[in-house]
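**Student:** Pasting coords_6.cif here (mmCIF, C-alpha atoms):
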```cif
data_start
loop_
_atom_site.label_atom_id
_atom_site.label_comp_id
_atom_site.auth_asym_id
_atom_site.auth_seq_id
_atom_site.Cartn_x
_atom_site.Cartn_y
_atom_site.Cartn_z
CA MET A 1 -135.34 23.75 49.01
CA ASN A 2 -137.09 23.84 45.64
CA GLU A 3 -135.18 22.61 42.58
CA ALA A 4 -137.70 24.08 40.11
CA PRO A 5 -136.02 26.11 37.33
CA ARG A 6 -135.34 29.76 38.10
CA ASP A 7 -133.29 32.60 36.70
CA THR A 8 -129.93 30.81 36.69
CA ALA A 9 -128.05 34.02 36.00
CA ARG A 10 -129.09 35.45 39.37
CA ARG A 11 -129.54 32.54 41.77
CA THR A 12 -126.85 30.82 43.79
CA PRO A 13 -126.44 27.13 42.86
CA LEU A 14 -128.33 24.87 45.25
CA TYR A 15 -125.25 22.84 46.16
CA LEU A 16 -123.50 26.00 47.40
CA LYS A 17 -126.50 26.76 49.63
CA VAL A 18 -126.42 23.23 51.04
CA ALA A 19 -122.65 23.45 51.51
CA ALA A 20 -122.99 26.80 53.30
CA ASP A 21 -125.57 25.40 55.72
CA LEU A 22 -123.45 22.32 56.47
CA ARG A 23 -120.35 24.49 56.86
CA THR A 24 -122.20 26.59 59.45
CA ALA A 25 -123.25 23.45 61.33
CA ILE A 26 -119.69 22.08 61.34
CA THR A 27 -118.11 25.32 62.54
CA ALA A 28 -120.81 25.59 65.22
CA GLY A 29 -119.72 22.18 66.53
CA GLU A 30 -122.86 20.25 65.63
CA TYR A 31 -120.61 17.51 64.25
CA GLY A 32 -117.63 16.73 66.45
CA SER A 33 -114.18 16.20 65.01
CA GLY A 34 -113.96 12.65 63.66
CA ALA A 35 -117.74 12.25 63.51
CA ARG A 36 -119.41 10.76 60.45
CA ARG A 37 -121.73 13.12 58.64
CA PRO A 38 -125.31 12.10 57.74
CA ALA A 39 -125.90 9.81 54.78
CA GLU A 40 -126.51 11.35 51.34
CA ASP A 41 -130.14 10.17 51.32
CA GLU A 42 -130.76 11.81 54.67
CA LEU A 43 -129.20 15.09 53.54
CA ALA A 44 -131.13 15.01 50.27
CA HIS A 45 -134.40 14.58 52.18
CA ARG A 46 -133.48 17.26 54.72
CA TYR A 47 -132.78 19.89 52.06
CA GLY A 48 -135.27 18.70 49.45
CA VAL A 49 -132.61 18.28 46.76
CA SER A 50 -131.21 15.46 44.66
CA ARG A 51 -128.33 13.21 45.75
CA GLY A 52 -126.27 14.75 42.96
CA THR A 53 -126.68 18.17 44.56
CA VAL A 54 -125.67 16.73 47.93
CA ARG A 55 -122.55 15.17 46.39
CA GLN A 56 -121.56 18.54 44.92
CA ALA A 57 -122.03 20.18 48.32
CA LEU A 58 -119.88 17.53 50.01
CA THR A 59 -117.20 18.01 47.37
CA ALA A 60 -117.16 21.73 48.18
CA LEU A 61 -116.73 20.94 51.89
CA ARG A 62 -113.89 18.57 51.07
CA THR A 63 -112.23 21.37 49.09
CA ASP A 64 -112.52 23.55 52.21
CA GLY A 65 -110.81 20.89 54.30
CA LEU A 66 -113.85 20.42 56.54
CA ILE A 67 -114.49 16.78 55.69
CA THR A 68 -112.55 13.87 54.23
CA SER A 69 -113.25 10.33 53.08
CA ARG A 70 -112.07 7.08 54.64
CA ARG A 71 -112.36 3.68 53.02
CA GLY A 72 -115.60 1.96 53.95
CA THR A 73 -117.12 4.94 55.79
CA ARG A 74 -118.98 8.11 55.04
CA ARG A 75 -117.02 11.34 54.87
CA VAL A 76 -115.58 12.28 58.26
CA VAL A 77 -115.60 15.76 59.79
CA LEU A 78 -112.01 16.94 60.22
CA GLY A 79 -112.39 20.06 62.33
CA GLY A 80 -115.09 22.11 63.98
CA GLY A 81 -113.78 25.69 63.67
CA PRO A 82 -111.80 28.02 61.47
CA ALA A 83 -108.46 27.18 63.07
CA GLY A 84 -108.99 23.46 62.75
CA ALA A 85 -110.27 23.72 59.21
CA ALA A 86 -107.35 25.86 58.05
CA GLY A 87 -104.81 23.53 59.61
CA VAL A 88 -105.97 20.44 57.77
CA ALA A 89 -107.08 21.87 54.44
CA GLU A 90 -105.65 19.63 51.74
CA LEU A 91 -106.72 22.13 49.14
CA ARG A 92 -107.94 25.58 50.17
CA SER A 93 -108.26 28.56 47.88
CA PHE A 94 -106.27 31.68 48.71
CA THR A 95 -109.52 33.61 49.07
CA ARG A 96 -111.14 31.21 51.55
CA TRP A 97 -107.90 30.91 53.50
CA ALA A 98 -107.59 34.70 53.80
CA ARG A 99 -111.20 35.08 54.91
CA SER A 100 -110.75 32.36 57.54
CA LEU A 101 -108.08 34.61 59.09
CA GLY A 102 -110.30 37.68 59.03
CA ARG A 103 -108.17 39.24 56.28
CA GLU A 104 -109.42 40.79 53.06
CA PRO A 105 -108.24 38.85 49.98
CA GLY A 106 -107.52 40.67 46.77
CA GLY A 107 -106.68 39.72 43.23
CA ARG A 108 -105.59 41.62 40.13
CA THR A 109 -105.17 39.83 36.82
CA VAL A 110 -102.11 41.18 35.04
CA ALA A 111 -102.27 39.13 31.86
CA VAL A 112 -104.25 36.31 30.22
CA ASP A 113 -102.61 34.70 27.21
CA ARG A 114 -103.71 31.90 24.90
CA GLY A 115 -100.96 29.60 23.71
CA ALA A 116 -99.83 26.05 23.02
CA ALA A 117 -99.02 23.74 25.94
CA ASP A 118 -95.30 23.18 26.44
CA ALA A 119 -93.92 19.81 27.57
CA GLU A 120 -94.39 20.50 31.31
CA GLU A 121 -97.89 21.90 30.92
CA ALA A 122 -98.94 19.02 28.70
CA GLU A 123 -97.64 16.50 31.25
CA GLN A 124 -99.27 18.18 34.25
CA LEU A 125 -102.62 18.78 32.54
CA ARG A 126 -102.59 15.46 30.66
CA LEU A 127 -102.85 17.17 27.29
CA GLU A 128 -101.26 16.56 23.93
CA ALA A 129 -98.14 18.66 23.41
CA GLY A 130 -99.19 21.86 21.67
CA ALA A 131 -102.83 21.68 22.84
CA PRO A 132 -104.42 25.11 23.45
CA VAL A 133 -104.15 26.45 26.99
CA ARG A 134 -104.72 29.76 28.78
CA ARG A 135 -101.95 31.21 30.96
CA VAL A 136 -102.86 33.69 33.69
CA LEU A 137 -100.50 36.00 35.59
CA ARG A 138 -102.11 37.43 38.73
CA LEU A 139 -101.12 39.39 41.83
CA ARG A 140 -102.72 38.32 45.13
CA THR A 141 -102.98 40.60 48.16
CA LEU A 142 -103.92 40.35 51.84
CA SER A 143 -105.67 43.44 53.17
CA GLY A 144 -104.17 45.42 50.32
CA ALA A 145 -100.57 44.24 50.80
CA PRO A 146 -98.88 42.27 47.96
CA VAL A 147 -98.25 38.68 49.06
CA MET A 148 -98.06 36.35 46.08
CA VAL A 149 -97.70 36.19 42.31
CA GLU A 150 -99.79 33.46 40.76
CA ARG A 151 -98.90 31.86 37.42
CA THR A 152 -101.60 29.41 36.37
CA THR A 153 -102.13 27.39 33.22
CA TYR A 154 -105.64 26.11 32.46
CA PRO A 155 -106.94 23.69 29.82
CA GLU A 156 -108.69 25.70 27.12
CA ALA A 157 -112.24 24.89 28.29
CA VAL A 158 -111.53 26.11 31.84
CA GLY A 159 -109.24 28.93 30.74
CA ALA A 160 -111.91 30.39 28.47
CA LEU A 161 -114.17 30.79 31.51
CA VAL A 162 -111.37 32.49 33.44
CA ALA A 163 -110.56 34.81 30.53
CA ALA A 164 -114.17 36.04 30.51
CA MET A 165 -114.05 37.06 34.19
CA PRO A 166 -113.41 40.67 35.26
CA ARG A 167 -109.73 41.44 35.90
CA ASP A 168 -110.45 42.24 39.58
CA THR A 169 -112.22 38.92 40.30
CA VAL A 170 -111.15 37.93 43.81
CA SER A 171 -111.75 34.17 43.59
CA TYR A 172 -111.55 32.21 40.36
CA SER A 173 -112.42 28.98 42.15
CA GLU A 174 -115.71 30.36 43.47
CA GLU A 175 -116.69 31.68 40.05
CA LEU A 176 -115.66 28.45 38.31
CA ALA A 177 -117.77 26.46 40.77
CA ARG A 178 -120.80 28.32 39.45
CA HIS A 179 -119.98 26.82 36.06
CA GLY A 180 -119.64 23.33 37.54
CA VAL A 181 -115.82 23.33 37.62
CA LEU A 182 -114.77 22.04 41.06
CA PHE A 183 -111.27 21.82 42.55
CA THR A 184 -111.26 18.79 44.85
CA ASP A 185 -107.71 17.44 45.12
CA ALA A 186 -104.22 18.74 44.54
CA HIS A 187 -100.61 17.65 44.44
CA HIS A 188 -98.24 20.22 45.97
CA THR A 189 -94.50 20.76 45.65
CA ILE A 190 -92.90 23.52 47.76
CA ASP A 191 -89.42 24.93 47.22
CA LEU A 192 -87.50 28.19 46.77
CA VAL A 193 -87.06 30.13 43.54
CA ALA A 194 -85.36 33.40 42.60
CA ALA A 195 -87.67 36.34 41.88
CA ASP A 196 -87.75 37.36 38.22
CA ALA A 197 -88.50 40.80 36.81
CA ASP A 198 -92.29 40.34 36.97
CA ASP A 199 -92.11 39.15 40.58
CA ALA A 200 -89.94 42.12 41.56
CA GLU A 201 -92.28 44.64 39.94
CA LEU A 202 -95.49 43.16 41.35
CA LEU A 203 -94.26 42.25 44.85
CA GLY A 204 -91.89 45.16 45.37
CA CYS A 205 -88.90 42.90 46.04
CA ARG A 206 -85.48 42.64 44.41
CA ALA A 207 -84.93 40.55 41.30
CA GLY A 208 -83.06 37.45 42.40
CA GLU A 209 -84.50 37.50 45.93
CA ALA A 210 -85.58 34.07 47.20
CA LEU A 211 -89.34 33.47 47.13
CA LEU A 212 -91.34 30.57 48.54
CA ARG A 213 -92.85 28.68 45.59
CA GLU A 214 -95.83 26.34 45.68
CA ARG A 215 -96.35 24.29 42.53
CA ARG A 216 -99.80 22.76 42.43
CA ARG A 217 -101.81 20.56 40.10
CA SER A 218 -105.51 20.56 40.97
CA THR A 219 -108.02 18.00 39.79
CA ASP A 220 -111.81 17.79 39.64
CA PRO A 221 -113.98 15.07 41.25
CA ALA A 222 -113.32 12.77 38.27
CA GLY A 223 -109.55 13.20 38.66
CA ASN A 224 -109.13 15.38 35.58
CA PRO A 225 -106.52 18.18 35.90
CA VAL A 226 -108.13 21.62 35.86
CA GLU A 227 -105.12 23.82 36.66
CA TRP A 228 -101.32 23.81 36.88
CA SER A 229 -100.17 26.67 39.06
CA GLN A 230 -96.89 28.09 40.34
CA ASP A 231 -97.46 30.55 43.19
CA ARG A 232 -94.56 32.68 44.48
CA TYR A 233 -94.84 34.18 47.98
CA LEU A 234 -92.84 36.97 49.57
CA PRO A 235 -90.59 35.66 52.37
CA GLY A 236 -92.16 35.91 55.82
CA THR A 237 -95.73 36.30 54.59
CA VAL A 238 -96.89 32.67 54.73
CA ALA A 239 -95.71 29.26 55.87
CA PHE A 240 -97.00 25.81 54.96
CA THR A 241 -97.74 23.15 57.55
CA VAL A 242 -98.33 19.42 57.18
CA HIS A 243 -100.93 17.68 59.34
CA SER A 244 -100.13 13.97 59.52
CA THR A 245 -103.08 11.65 60.08
CA ALA A 246 -104.55 8.67 58.30
CA THR A 247 -105.24 11.22 55.55
CA SER A 248 -102.33 13.68 55.58
CA ALA A 249 -103.11 17.24 54.57
CA LEU A 250 -101.36 20.47 53.76
CA GLY A 251 -102.27 23.80 55.33
CA ARG A 252 -101.15 27.40 55.06
CA ARG A 253 -100.64 29.99 57.78
CA LEU A 254 -99.38 33.54 58.16
CA GLY A 255 -95.79 34.26 59.08
CA PRO A 256 -92.53 32.37 58.63
#
```
Could you show the structure in this file as structure tokens?
**Tutor:**
Amino acid sequence: MNEAPRDTARRTPLYLKVAADLRTAITAGEYGSGARRPAEDELAHRYGVSRGTVRQALTALRTDGLITSRRGTRRVVLGGGPAGAAGVAELRSFTRWARSLGREPGGRTVAVDRGAADAEEAEQLRLEAGAPVRRVLRLRTLSGAPVMVERTTYPEAVGALVAAMPRDTVSYSEELARHGVLFTDAHHTIDLVAADADDAELLGCRAGEALLRERRRSTDPAGNPVEWSQDRYLPGTVAFTVHSTATSALGRRLGP
């Protein structure tokens, strides 16, 4: 691969190309579950890119739940196919999860507002109280059917990128990655919450009906918070599973 400058508005970032090739190799079984992947120097030489590009590609694979890190070793392959990858994904975007199931993901942005961080947002995003943030309300669908209402708060720098995206953008995370914003780790809390008026209108349920809520703070490779999200799912559409290993992970599946 050639890292000479090109039209950056049209080309796919090199690290995404490297990640795609490695993802194909993993799902094809070239690296068995539990195997150590090649060293960064070896991958850099193989693809003709810098080690920094390789690290970005490996971060993307970690986001997909295909590899993990263990103390004193190189990143380890977690699973060789779509089912294995989905089951151990510590952080997996709604779009990638849907595609792994052969379903068509959809997204419609309902509102993007600029405001001042409240106490909870400031704590979760490690901001000063009152710092500028962007709040996004979005409906997510699977093969056209409403599944989840997404309420996400972004720090201003990230939120400004989101606000500039078309309202029908399917995957914010994929678009943000093109700007160098990567989601690598997340802390999840799952509980039940009563549907409010917005939930009822967007999901077609009754106000007050119990919804499955996932609260999530995502961080970048440096550990900086990049989003604070509260996703509300219709009952019976998804379930969350925990895979307990030396590195426990959270996954998502269809059905109750």
**Student:** Considering only C-alpha atoms, state which residue in the set A:Pro155, A:Pro38, A:Pro166, A:Gly107 is at the smallest distance from A:Arg140.
**Tutor:**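 Using only C-alpha atoms, the shortest distance to A:Arg140 belongs to A:Gly107.
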**Student:** I want to know what sits within 10 Å of A:Gly115, based on all atoms listed in the file, with residues of the same chain fewer than 2 positions away left out; could you give that as a PyMOL selection string?
**Tutor:** chain A and resi 112-113+117-118+130-135+153+156
**Student:** Just C-alpha atoms for this one: save the residues we selected as a PDB file, in the frame of the given file.
**Tutor:**
```pdb
ATOM      1  CA  VAL A 112    -104.250  36.310  30.220  1.00  0.00           C
ATOM      2  CA  ASP A 113    -102.610  34.700  27.210  1.00  0.00           C
ATOM      3  CA  ALA A 117     -99.020  23.740  25.940  1.00  0.00           C
ATOM      4  CA  ASP A 118     -95.300  23.180  26.440  1.00  0.00           C
ATOM      5  CA  GLY A 130     -99.190  21.860  21.670  1.00  0.00           C
ATOM      6  CA  ALA A 131    -102.830  21.680  22.840  1.00  0.00           C
ATOM      7  CA  PRO A 132    -104.420  25.110  23.450  1.00  0.00           C
ATOM      8  CA  VAL A 133    -104.150  26.450  26.990  1.00  0.00           C
ATOM      9  CA  ARG A 134    -104.720  29.760  28.780  1.00  0.00           C
ATOM     10  CA  ARG A 135    -101.950  31.210  30.960  1.00  0.00           C
ATOM     11  CA  THR A 153    -102.130  27.390  33.220  1.00  0.00           C
ATOM     12  CA  GLU A 156    -108.690  25.700  27.120  1.00  0.00           C
TER      13      GLU A 156
END
```
**Student:** Starting from the shown file, work through the PyMOL selection byres ((chain A and resi 229) around 12) and note down what comes out as a PDB file with C-alpha atoms, keeping the file's coordinate frame.
**Tutor:**
```
ATOM      1  CA  GLU A 120     -94.390  20.500  31.310  1.00  0.00           C
ATOM      2  CA  GLU A 121     -97.890  21.900  30.920  1.00  0.00           C
ATOM      3  CA  GLN A 124     -99.270  18.180  34.250  1.00  0.00           C
ATOM      4  CA  LEU A 125    -102.620  18.780  32.540  1.00  0.00           C
ATOM      5  CA  ARG A 134    -104.720  29.760  28.780  1.00  0.00           C
ATOM      6  CA  ARG A 135    -101.950  31.210  30.960  1.00  0.00           C
ATOM      7  CA  VAL A 136    -102.860  33.690  33.690  1.00  0.00           C
ATOM      8  CA  LEU A 137    -100.500  36.000  35.590  1.00  0.00           C
ATOM      9  CA  ARG A 138    -102.110  37.430  38.730  1.00  0.00           C
ATOM     10  CA  VAL A 149     -97.700  36.190  42.310  1.00  0.00           C
ATOM     11  CA  GLU A 150     -99.790  33.460  40.760  1.00  0.00           C
ATOM     12  CA  ARG A 151     -98.900  31.860  37.420  1.00  0.00           C
ATOM     13  CA  THR A 152    -101.600  29.410  36.370  1.00  0.00           C
ATOM     14  CA  THR A 153    -102.130  27.390  33.220  1.00  0.00           C
ATOM     15  CA  TYR A 154    -105.640  26.110  32.460  1.00  0.00           C
ATOM     16  CA  PRO A 155    -106.940  23.690  29.820  1.00  0.00           C
ATOM     17  CA  ALA A 186    -104.220  18.740  44.540  1.00  0.00           C
ATOM     18  CA  HIS A 187    -100.610  17.650  44.440  1.00  0.00           C
ATOM     19  CA  HIS A 188     -98.240  20.220  45.970  1.00  0.00           C
ATOM     20  CA  THR A 189     -94.500  20.760  45.650  1.00  0.00           C
ATOM     21  CA  ILE A 190     -92.900  23.520  47.760  1.00  0.00           C
ATOM     22  CA  ARG A 213     -92.850  28.680  45.590  1.00  0.00           C
ATOM     23  CA  GLU A 214     -95.830  26.340  45.680  1.00  0.00           C
ATOM     24  CA  ARG A 215     -96.350  24.290  42.530  1.00  0.00           C
ATOM     25  CA  ARG A 216     -99.800  22.760  42.430  1.00  0.00           C
ATOM     26  CA  ARG A 217    -101.810  20.560  40.100  1.00  0.00           C
ATOM     27  CA  SER A 218    -105.510  20.560  40.970  1.00  0.00           C
ATOM     28  CA  THR A 219    -108.020  18.000  39.790  1.00  0.00           C
ATOM     29  CA  PRO A 225    -106.520  18.180  35.900  1.00  0.00           C
ATOM     30  CA  VAL A 226    -108.130  21.620  35.860  1.00  0.00           C
ATOM     31  CA  GLU A 227    -105.120  23.820  36.660  1.00  0.00           C
ATOM     32  CA  TRP A 228    -101.320  23.810  36.880  1.00  0.00           C
ATOM     33  CA  GLN A 230     -96.890  28.090  40.340  1.00  0.00           C
ATOM     34  CA  ASP A 231     -97.460  30.550  43.190  1.00  0.00           C
ATOM     35  CA  ARG A 232     -94.560  32.680  44.480  1.00  0.00           C
TER      36      ARG A 232
END
```
**Student:** What is the distance, in Å and to one decimal place, between atom CA of A:Pro105 and atom CA of A:Arg167?
**Tutor:** 14.4 Å
**Student:** If I take atom CA of A:Pro221 and atom CA of A:Val181, how far is one from the other in Å, to one decimal?
**Tutor:**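 Taking atom CA of A:Pro221 as the start and atom CA of A:Val181 as the end point, the length is 9.2 Å.
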**Student:** Tell me which protein, DNA and RNA residues are within 6 Å of A:Ala194, counting only C-alpha atoms, leaving out same-chain ones fewer than 2 positions away, and put them as a list of chain:residue names.
**Tutor:**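 These residues fall inside the cut-off: A:Gly208, A:Glu209, A:Ala210.
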**Student:** Quick one, how far is atom CA of A:Gly106 from atom CA of A:Leu234?
**Tutor:** 15.4 Å
**Student:** Name the closest residue to A:Leu16 among the candidates A:Gly48, A:Gly102, A:Gly180, A:Gly144; distances are taken between atoms, counting all atoms listed in the file.
**Tutor:**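 Checking each candidate against A:Leu16, we get A:Gly180 as the closest.
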**Student:** Taking 3 positions as the minimum chain separation for residues in the same chain, which residues sit within 8 Å of stretch 171-179 of chain A when counting all atoms listed in the file? Answer as a PyMOL selection string.
**Tutor:** chain A and resi 12-13+93-95+107+161-162+182-183
**Student:** Measuring between all atoms listed in the file, which one of A:Ala164, A:Ala57, A:Thr63, A:Arg103 shows the shortest distance to A:Ala20?
**Tutor:**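 Under the stated criterion, the closest residue is A:Ala57.
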**Student:** Using all atoms listed in the file, determine which residues lie at most 7 Å from A:Leu14, disregarding the query and same-chain residues fewer than 3 positions distant; provide the list as an MDAnalysis selection string.
**Tutor:** chainID A and resid 17:18 53
**Student:** Choose the residue, out of A:Arg114, A:Ser50, A:Ala129, A:Arg96, that has the smallest atom-to-atom separation from A:Ala157; count only C-alpha atoms.
**Tutor:** A:Arg114
**Student:** Using all atoms listed in the file, can you tell me which of A:Asp41, A:Leu139, A:Tyr233, A:Ala119 comes closest to A:Thr169?
**Tutor:** A:Leu139
**Student:** For A:Ala163, which of A:Ala98, A:Val110, A:Ile67, A:Val238 is the closest residue, counting all atoms listed in the file?
**Tutor:** A:Val110
**Student:** Start from the incomplete input, build N, CA, C and O atoms for stretch 210-230 of chain A, and deliver everything as a short mmCIF file (atom, residue, chain, number, x, y, z; two decimals), in the coordinates of the input.
**Tutor:**
```
data_model
loop_
_atom_site.label_atom_id
_atom_site.label_comp_id
_atom_site.auth_asym_id
_atom_site.auth_seq_id
_atom_site.Cartn_x
_atom_site.Cartn_y
_atom_site.Cartn_z
N ALA A 210 -84.96 35.38 47.05
CA ALA A 210 -85.58 34.07 47.20
C ALA A 210 -87.06 34.21 47.57
O ALA A 210 -87.41 34.95 48.50
N LEU A 211 -87.91 33.51 46.85
CA LEU A 211 -89.34 33.47 47.13
C LEU A 211 -89.75 32.04 47.43
O LEU A 211 -89.15 31.09 46.92
N LEU A 212 -90.79 31.90 48.26
CA LEU A 212 -91.34 30.57 48.54
C LEU A 212 -92.28 30.22 47.40
O LEU A 212 -93.21 30.96 47.09
N ARG A 213 -92.03 29.08 46.74
CA ARG A 213 -92.85 28.68 45.59
C ARG A 213 -93.67 27.44 45.92
O ARG A 213 -93.15 26.46 46.45
N GLU A 214 -94.95 27.51 45.58
CA GLU A 214 -95.83 26.34 45.68
C GLU A 214 -96.27 25.98 44.26
O GLU A 214 -96.94 26.76 43.58
N ARG A 215 -95.87 24.80 43.81
CA ARG A 215 -96.35 24.29 42.53
C ARG A 215 -97.49 23.32 42.81
O ARG A 215 -97.37 22.45 43.66
N ARG A 216 -98.58 23.49 42.09
CA ARG A 216 -99.80 22.76 42.43
C ARG A 216 -100.55 22.33 41.18
O ARG A 216 -100.79 23.13 40.28
N ARG A 217 -100.90 21.05 41.13
CA ARG A 217 -101.81 20.56 40.10
C ARG A 217 -103.11 20.18 40.78
O ARG A 217 -103.13 19.32 41.66
N SER A 218 -104.19 20.82 40.38
CA SER A 218 -105.51 20.56 40.97
C SER A 218 -106.35 19.74 40.01
O SER A 218 -106.28 19.91 38.79
N THR A 219 -107.16 18.86 40.59
CA THR A 219 -108.02 18.00 39.79
C THR A 219 -109.47 18.12 40.23
O THR A 219 -109.76 18.53 41.36
N ASP A 220 -110.38 17.75 39.34
CA ASP A 220 -111.81 17.79 39.64
C ASP A 220 -112.25 16.47 40.26
O ASP A 220 -111.42 15.57 40.46
N PRO A 221 -113.54 16.31 40.60
CA PRO A 221 -113.98 15.07 41.25
C PRO A 221 -113.71 13.81 40.44
O PRO A 221 -113.58 12.73 41.01
N ALA A 222 -113.59 13.93 39.12
CA ALA A 222 -113.32 12.77 38.27
C ALA A 222 -111.82 12.51 38.12
O ALA A 222 -111.41 11.56 37.46
N GLY A 223 -110.99 13.36 38.74
CA GLY A 223 -109.55 13.20 38.66
C GLY A 223 -108.91 13.87 37.46
O GLY A 223 -107.71 13.67 37.20
N ASN A 224 -109.68 14.68 36.74
CA ASN A 224 -109.13 15.38 35.58
C ASN A 224 -108.43 16.67 36.00
O ASN A 224 -109.00 17.46 36.76
N PRO A 225 -107.21 16.93 35.53
CA PRO A 225 -106.52 18.18 35.90
C PRO A 225 -107.28 19.39 35.38
O PRO A 225 -107.74 19.41 34.23
N VAL A 226 -107.43 20.39 36.25
CA VAL A 226 -108.13 21.62 35.86
C VAL A 226 -107.23 22.84 35.98
O VAL A 226 -107.59 23.93 35.50
N GLU A 227 -106.07 22.72 36.61
CA GLU A 227 -105.12 23.82 36.66
C GLU A 227 -103.73 23.31 37.00
O GLU A 227 -103.57 22.30 37.68
N TRP A 228 -102.72 24.02 36.50
CA TRP A 228 -101.32 23.81 36.88
C TRP A 228 -100.80 25.17 37.26
O TRP A 228 -100.74 26.09 36.44
N SER A 229 -100.47 25.34 38.55
CA SER A 229 -100.17 26.67 39.06
C SER A 229 -98.82 26.70 39.75
O SER A 229 -98.39 25.72 40.38
N GLN A 230 -98.13 27.84 39.63
CA GLN A 230 -96.89 28.09 40.34
C GLN A 230 -97.04 29.42 41.05
O GLN A 230 -97.01 30.48 40.42
#
```
